[in-house]
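Asks: Can you read through this structure? Questions will come right after.
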Amino acid sequence: MLLGAAVLIALCVFFMNDDALYHQTIVRITAVTDEPLSATEGMNGVLEARYRQTLTGVVTNGSEKQTTVTLQNNYSQSEVSTIKYRAGDKLFVQLGQGDNGQNVSVLGVKRDGWLLSTFLIFLGTMCLLYRGRGCLILLSLMTNLALICLTLNFCSIDSFFEWQWPILIVLFCVVTQLLVGGFHRQTVGAILSTLSTTLLIFLLYQLTVDRGEVIPYEMMEDVFGSAPLETIYRFSVIAGSIGAIMDVSVTIHSAVDKLTDSGEDLNVKATLASLRNIGADIMGTMINVLLFSYISGSLSIILLKLNSGYTVGSVFSYDLIFDYVRFLFGAIGIVLAIPVSEGVALLICRKGHRCGA
Amino acid sequence: MILLLTGLLLGLMVLVGGERGFHSFVFLFVNGFFGMVGICLLCCGISPAAILVIGCAVFLAVGIPLQNGCNLKSLSAMLATGLILVLMGAAISAVCLHVHITGLSEIQLKEIDNSYLSSGVDLDMRAILLVSLVWGELGALMDTSITIASSMNEILAAHPNLTERELRSSGLQIGKNIIGTTVNTLVFIAFGETIMLCLLYISNGYSLVMLINSKSFFQQFGGILFSCQSCLLVVPLTAAIFARMAVSARVTAWTEKIRKRRERRGSSDR
């Protein structure tokens, strides 16, 4: 355990200081001086303070290592489109020779150390607190990640989102549930119910979104040139909801397993009644999870737009709508998964009983 | 179409969950409404930190007892969630200070006509980022904590003579069973949200290294990481708090008092 923690800390330190691996020049900021500039006025008549920073830094990699550079940076109070740098930050820069001495321009902030350390701490907590089970969960996450990377490498984007994506979804379901749930009868049941619920969601999506009013796909975040937006969005809706659907299916199936475990004759009515109770229990909180996770993601941009005079209606129909539709399908998936899993679980149980008898 | 789907959701919830399904829908609606009120208040320039603290307090102190009743499991879930929120809030703000992920991402800056958005903003974007990250983990955190507490409640009801240690280890056992699916739920949500971004990076020929250094990836993926981390931490904490409180005499007396008061009220109603 101690060894694991030591390896983890060592890796974090390594990723925080992996500058030598980069070809781009990295500068560590050592000193910052700020001076105020004149304030700018926005469209809504609000004045915003602006500052100019003079940064002194040391190059940490490449042939220019250890040389000191100075660079300039302007930032505005809110840091919406600008960044206020602090001493200790690491920046990717372009070194060049300008007319008056050295010319340094900032390309971006080095964030990999923090991202990977956060991730490593997550891995560490998982292994320390949850031991074997935790490692299996991590393995399932890694396998899914590998699947994604493989498909993105080997499939063309167009054909993948046109017809190949269901294969990936099925693989996700099977791999995740086998690893997380173990190879039991109820896992097979859970996989079956997840897949059928996902199919229902897909059909519902085809019936409503594909035929209904047009979603303004081109307003989606991170759009690029020739992307097949409709099919990518469809995939993102389905992929976003399978996690929640799996969660519900596993819960219902393990409940059925426990309820029928006593070995007595199967009382379908009583089992259904208690399943109904469980379903009502988990439904509300699960949907809440989706609500919080989806809506919080776009909080910043919503506030910015409202603040600069966009109406609530336009913000909803151009920004929030993508997350809201994802949320709706996830929620409907959760609710649908309850009766579907009940059905599948009872069918499997009955079959098992008949075979046993 | 949106209204139709929302109606369908309501219909299904009532059909599957009966009266309690309807209650859940109302609760959901109220949550959404409070969220909207929060957004409006933020927009009016009221301090995000205050809204965050008050909002979380309201969700914990009102939301949990409303859904689960005023009892041992609500109390322990509340305490555990509150503690983790404070802890993760501190951790998140420490990380955010260093990674500079405030405001618009590189891609938003490039693609949107942001002349409207980038000047004359009198919002504290740094605090708003913190609000959105903590807000995002609140739902999953409450869900995990309540699940653990209520399963432990069932165990306690079935075996009233368990020691603190046994109770705690049974809570951890339940945690092991549910944490996998919870983490997967969050990860798939994150995947659905970031797929477009990953495709954008791939189609532009950017490398993985550029992706993990980018602002937008941290904004979306980091949030989910924090949520998962807090769910991992809340399980042992809830188990410990619940076990401690179940054996503590003072808390037992308190729950007993509440139960009696309710019974008295119930009998006077009739």
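Chain lettering (A, B, ...) mirrors the order of the structure tokens, residue numbering begins at 1 for each chain separately, and ligand numbering begins at 1 in order of display.
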Can you list, as a VMD selection string, every residue of region 104-164 of chain A that DSSP puts in strand (DSSP E)?
Replies: chain A and resid 104 to 109
Asks: Show me, as number ranges by chain, the residues that have an atom within 8 Å of region 22-33 of chain B when counting only C-alpha atoms, minus same-chain residues fewer than 4 positions from it.
Replies: A: 283-284, 287-288, 291; B: 10, 13-14, 17-18, 37
Asks: Take the residues that were just selected and, keeping N, CA and C atoms, output them as a CSV table (one decimal), in the first residue's frame.
Replies:
```csv
chain,number,residue,atom,x,y,z
A,283,MET,N,-35.4,6.1,-8.9
A,283,MET,CA,-35.7,7.0,-10.0
A,283,MET,C,-35.4,8.5,-9.8
A,284,GLY,N,-36.0,9.0,-8.7
A,284,GLY,CA,-35.9,10.4,-8.4
A,284,GLY,C,-34.4,10.9,-8.3
A,287,ILE,N,-32.3,10.6,-11.6
A,287,ILE,CA,-32.6,11.7,-12.6
A,287,ILE,C,-32.0,13.0,-12.1
A,288,ASN,N,-32.0,13.2,-10.8
A,288,ASN,CA,-31.4,14.4,-10.2
A,288,ASN,C,-29.9,14.5,-10.5
A,291,LEU,N,-29.6,15.7,-14.0
A,291,LEU,CA,-29.9,17.2,-14.0
A,291,LEU,C,-28.7,18.0,-13.6
B,10,LEU,N,-42.8,12.8,-17.6
B,10,LEU,CA,-43.8,12.8,-16.5
B,10,LEU,C,-44.7,11.6,-16.5
B,13,MET,N,-42.9,8.5,-15.6
B,13,MET,CA,-42.6,8.4,-14.1
B,13,MET,C,-43.8,8.1,-13.3
B,14,VAL,N,-44.9,8.6,-13.7
B,14,VAL,CA,-46.2,8.3,-12.9
B,14,VAL,C,-46.5,6.9,-13.2
B,17,GLY,N,-43.6,4.7,-11.3
B,17,GLY,CA,-43.4,5.0,-9.9
B,17,GLY,C,-44.7,5.3,-9.1
B,18,GLY,N,-45.9,5.4,-9.9
B,18,GLY,CA,-47.1,5.7,-9.2
B,18,GLY,C,-47.0,7.1,-8.5
B,37,VAL,N,-33.5,30.1,-10.5
B,37,VAL,CA,-33.5,31.2,-9.6
B,37,VAL,C,-32.0,31.6,-9.3
```
Asks: Using 6 Å as the limit and counting only C-alpha atoms, can you tabulate each residue of chain B that touches chain A, with its shortest atom-to-atom distance in Å and the two atoms involved, as a Markdown table?
Replies:
```
| residue | atom | partner | partner_atom | distance |
| --- | --- | --- | --- | --- |
| B:Leu9 | CA | A:Ile332 | CA | 5.6 |
| B:Gly17 | CA | A:Ala280 | CA | 4.7 |
| B:Gly21 | CA | A:Ala280 | CA | 5.9 |
| B:Ser24 | CA | A:Gly284 | CA | 4.8 |
| B:Val99 | CA | A:Arg111 | CA | 5.7 |
| B:Gly103 | CA | A:Val80 | CA | 4.1 |
| B:Leu104 | CA | A:Val80 | CA | 5.7 |
| B:Ser118 | CA | A:Ser81 | CA | 5.7 |
| B:Ser119 | CA | A:Gly42 | CA | 4.9 |
| B:Gly120 | CA | A:Gly42 | CA | 3.8 |
| B:Asp124 | CA | A:Ser78 | CA | 5.9 |
| B:Met125 | CA | A:Ser78 | CA | 5.7 |
| B:Ser132 | CA | A:Ser296 | CA | 5.0 |
| B:Gly136 | CA | A:Ser293 | CA | 4.5 |
| B:Gly139 | CA | A:Val289 | CA | 4.3 |
| B:Ala140 | CA | A:Val289 | CA | 5.0 |
| B:Asp143 | CA | A:Thr285 | CA | 5.7 |
| B:Gly180 | CA | A:Ile137 | CA | 5.7 |
| B:Thr181 | CA | A:Asp247 | CA | 5.0 |
| B:Asn184 | CA | A:Gly243 | CA | 5.5 |
| B:Thr185 | CA | A:Gly243 | CA | 3.9 |
| B:Phe188 | CA | A:Gly240 | CA | 5.1 |
| B:Ile189 | CA | A:Gly240 | CA | 4.3 |
| B:Gly192 | CA | A:Ser236 | CA | 4.2 |
| B:Leu197 | CA | A:Asp222 | CA | 5.5 |
| B:Leu200 | CA | A:Phe224 | CA | 5.8 |
| B:Ile212 | CA | A:Asp112 | CA | 5.5 |
| B:Asn213 | CA | A:Arg111 | CA | 4.6 |
| B:Gln229 | CA | A:Phe122 | CA | 5.6 |
```
Asks: Atoms to include: N, CA and C atoms. Write the selected residues as an mmCIF file, in the first residue's frame.
Replies:
```cif
data_model
loop_
_atom_site.group_PDB
_atom_site.id
_atom_site.type_symbol
_atom_site.label_atom_id
_atom_site.label_comp_id
_atom_site.auth_asym_id
_atom_site.auth_seq_id
_atom_site.Cartn_x
_atom_site.Cartn_y
_atom_site.Cartn_z
ATOM 1 N N LEU B 9 -41.843 12.123 -20.178
ATOM 2 C CA LEU B 9 -41.075 11.772 -18.979
ATOM 3 C C LEU B 9 -41.996 11.729 -17.765
ATOM 4 N N GLY B 17 -43.643 4.747 -11.346
ATOM 5 C CA GLY B 17 -43.449 4.958 -9.918
ATOM 6 C C GLY B 17 -44.718 5.261 -9.145
ATOM 7 N N GLY B 21 -43.609 8.435 -8.059
ATOM 8 C CA GLY B 21 -43.033 8.929 -9.295
ATOM 9 C C GLY B 21 -43.411 10.378 -9.520
ATOM 10 N N SER B 24 -41.419 12.530 -7.250
ATOM 11 C CA SER B 24 -40.053 12.723 -7.742
ATOM 12 C C SER B 24 -40.035 13.783 -8.828
ATOM 13 N N VAL B 99 -4.795 26.166 -12.894
ATOM 14 C CA VAL B 99 -4.930 25.714 -14.276
ATOM 15 C C VAL B 99 -5.540 26.759 -15.199
ATOM 16 N N GLY B 103 -13.737 31.166 -17.828
ATOM 17 C CA GLY B 103 -14.243 31.825 -19.020
ATOM 18 C C GLY B 103 -14.338 30.928 -20.240
ATOM 19 N N LEU B 104 -14.230 31.534 -21.415
ATOM 20 C CA LEU B 104 -14.439 30.812 -22.661
ATOM 21 C C LEU B 104 -13.225 29.952 -23.001
ATOM 22 N N SER B 118 -16.939 39.132 -24.628
ATOM 23 C CA SER B 118 -15.648 39.209 -23.970
ATOM 24 C C SER B 118 -15.376 40.549 -23.306
ATOM 25 N N SER B 119 -16.217 41.533 -23.534
ATOM 26 C CA SER B 119 -15.908 42.810 -22.896
ATOM 27 C C SER B 119 -17.069 43.272 -22.025
ATOM 28 N N GLY B 120 -16.743 44.082 -21.040
ATOM 29 C CA GLY B 120 -17.769 44.638 -20.179
ATOM 30 C C GLY B 120 -18.500 43.606 -19.363
ATOM 31 N N ASP B 124 -17.982 37.670 -11.580
ATOM 32 C CA ASP B 124 -16.774 37.051 -11.064
ATOM 33 C C ASP B 124 -16.669 35.642 -11.642
ATOM 34 N N MET B 125 -16.031 35.545 -12.817
ATOM 35 C CA MET B 125 -16.058 34.275 -13.551
ATOM 36 C C MET B 125 -15.356 33.145 -12.805
ATOM 37 N N SER B 132 -20.141 26.163 -10.740
ATOM 38 C CA SER B 132 -20.607 25.151 -11.689
ATOM 39 C C SER B 132 -19.966 23.799 -11.391
ATOM 40 N N GLY B 136 -22.177 20.641 -10.084
ATOM 41 C CA GLY B 136 -22.206 19.422 -10.869
ATOM 42 C C GLY B 136 -21.992 18.180 -10.030
ATOM 43 N N GLY B 139 -25.329 16.568 -7.164
ATOM 44 C CA GLY B 139 -26.343 15.546 -7.420
ATOM 45 C C GLY B 139 -25.822 14.149 -7.154
ATOM 46 N N ALA B 140 -24.682 13.822 -7.751
ATOM 47 C CA ALA B 140 -24.121 12.483 -7.602
ATOM 48 C C ALA B 140 -23.735 12.214 -6.157
ATOM 49 N N ASP B 143 -26.819 11.492 -4.077
ATOM 50 C CA ASP B 143 -27.351 10.183 -4.459
ATOM 51 C C ASP B 143 -26.564 9.063 -3.784
ATOM 52 N N GLY B 180 -19.192 1.261 -8.647
ATOM 53 C CA GLY B 180 -18.834 1.006 -10.037
ATOM 54 C C GLY B 180 -19.828 1.608 -10.996
ATOM 55 N N THR B 181 -21.121 1.355 -10.732
ATOM 56 C CA THR B 181 -22.118 1.876 -11.661
ATOM 57 C C THR B 181 -22.221 3.388 -11.564
ATOM 58 N N ASN B 184 -19.446 4.859 -13.520
ATOM 59 C CA ASN B 184 -19.708 4.689 -14.949
ATOM 60 C C ASN B 184 -20.768 5.645 -15.463
ATOM 61 N N THR B 185 -21.811 5.872 -14.647
ATOM 62 C CA THR B 185 -22.832 6.836 -15.060
ATOM 63 C C THR B 185 -22.187 8.178 -15.353
ATOM 64 N N PHE B 188 -19.859 8.133 -18.485
ATOM 65 C CA PHE B 188 -20.550 8.138 -19.774
ATOM 66 C C PHE B 188 -21.196 9.480 -20.060
ATOM 67 N N ILE B 189 -21.674 10.154 -18.999
ATOM 68 C CA ILE B 189 -22.191 11.508 -19.206
ATOM 69 C C ILE B 189 -21.079 12.390 -19.769
ATOM 70 N N GLY B 192 -20.384 11.588 -23.374
ATOM 71 C CA GLY B 192 -21.378 12.188 -24.266
ATOM 72 C C GLY B 192 -21.106 13.656 -24.498
ATOM 73 N N LEU B 197 -15.734 17.447 -28.781
ATOM 74 C CA LEU B 197 -14.442 18.108 -28.597
ATOM 75 C C LEU B 197 -13.301 17.213 -29.067
ATOM 76 N N LEU B 200 -13.186 17.061 -32.718
ATOM 77 C CA LEU B 200 -12.644 18.307 -33.259
ATOM 78 C C LEU B 200 -11.123 18.282 -33.244
ATOM 79 N N ILE B 212 -4.833 17.282 -23.729
ATOM 80 C CA ILE B 212 -4.799 17.297 -22.264
ATOM 81 C C ILE B 212 -4.246 18.598 -21.717
ATOM 82 N N ASN B 213 -3.693 19.448 -22.551
ATOM 83 C CA ASN B 213 -3.282 20.757 -22.068
ATOM 84 C C ASN B 213 -4.328 21.827 -22.332
ATOM 85 N N GLN B 229 -14.387 11.628 -7.798
ATOM 86 C CA GLN B 229 -13.547 11.618 -6.610
ATOM 87 C C GLN B 229 -14.390 11.838 -5.358
#
```
Asks: Write out as a list in words each polymer residue whose atoms come within 12 Å of Lys257 (chain B), counting only C-alpha atoms; drop sequence neighbours fewer than 6 positions from it.
Replies: Cys70, Asn71, Leu72, Arg250, Val251, Glu263 and Arg264 of chain B
Asks: Would you list the contacts of Lys65 (chain A) as a list of chain:residue names, taking every protein, DNA or RNA residue within 10 Å and counting only C-alpha atoms, but skipping same-chain residues closer than 6 positions in sequence?
Replies: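 These residues fall inside the cut-off: A:Ala20, A:Thr25, A:Ile26, A:Val27, A:Val58, A:Val59.
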Asks: So that I have them on file, write out the residues from the current selection with C-alpha atoms, as an mmCIF file, in the first residue's frame.
Replies:
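Saved result, part.cif, follows:
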```cif
data_model
loop_
_atom_site.group_PDB
_atom_site.id
_atom_site.type_symbol
_atom_site.label_atom_id
_atom_site.label_comp_id
_atom_site.auth_asym_id
_atom_site.auth_seq_id
_atom_site.Cartn_x
_atom_site.Cartn_y
_atom_site.Cartn_z
ATOM 1 C CA ALA A 20 11.738 17.912 -21.069
ATOM 2 C CA THR A 25 9.418 25.776 -25.296
ATOM 3 C CA ILE A 26 8.063 26.032 -21.774
ATOM 4 C CA VAL A 27 8.576 29.006 -19.485
ATOM 5 C CA VAL A 58 12.808 30.971 -16.947
ATOM 6 C CA VAL A 59 12.850 28.558 -19.880
#
```
Asks: If you count only C-alpha atoms, which residues fall within 6 Å of region 155-172 of chain B, apart from same-chain ones fewer than 3 positions away, as a PDB file with C-alpha atoms, in the first residue's frame?
Replies:
```pdb
ATOM      1  CA  MET B 152     -27.315   0.802   6.281  1.00  0.00           C
ATOM      2  CA  GLY B 175     -20.337   1.062  -1.300  1.00  0.00           C
ATOM      3  CA  ALA B 239     -20.578   4.679   6.589  1.00  0.00           C
ATOM      4  CA  ALA B 240     -18.430   5.979   9.455  1.00  0.00           C
ATOM      5  CA  ALA B 243     -22.225   3.791  12.305  1.00  0.00           C
TER       6      ALA B 243
END
```
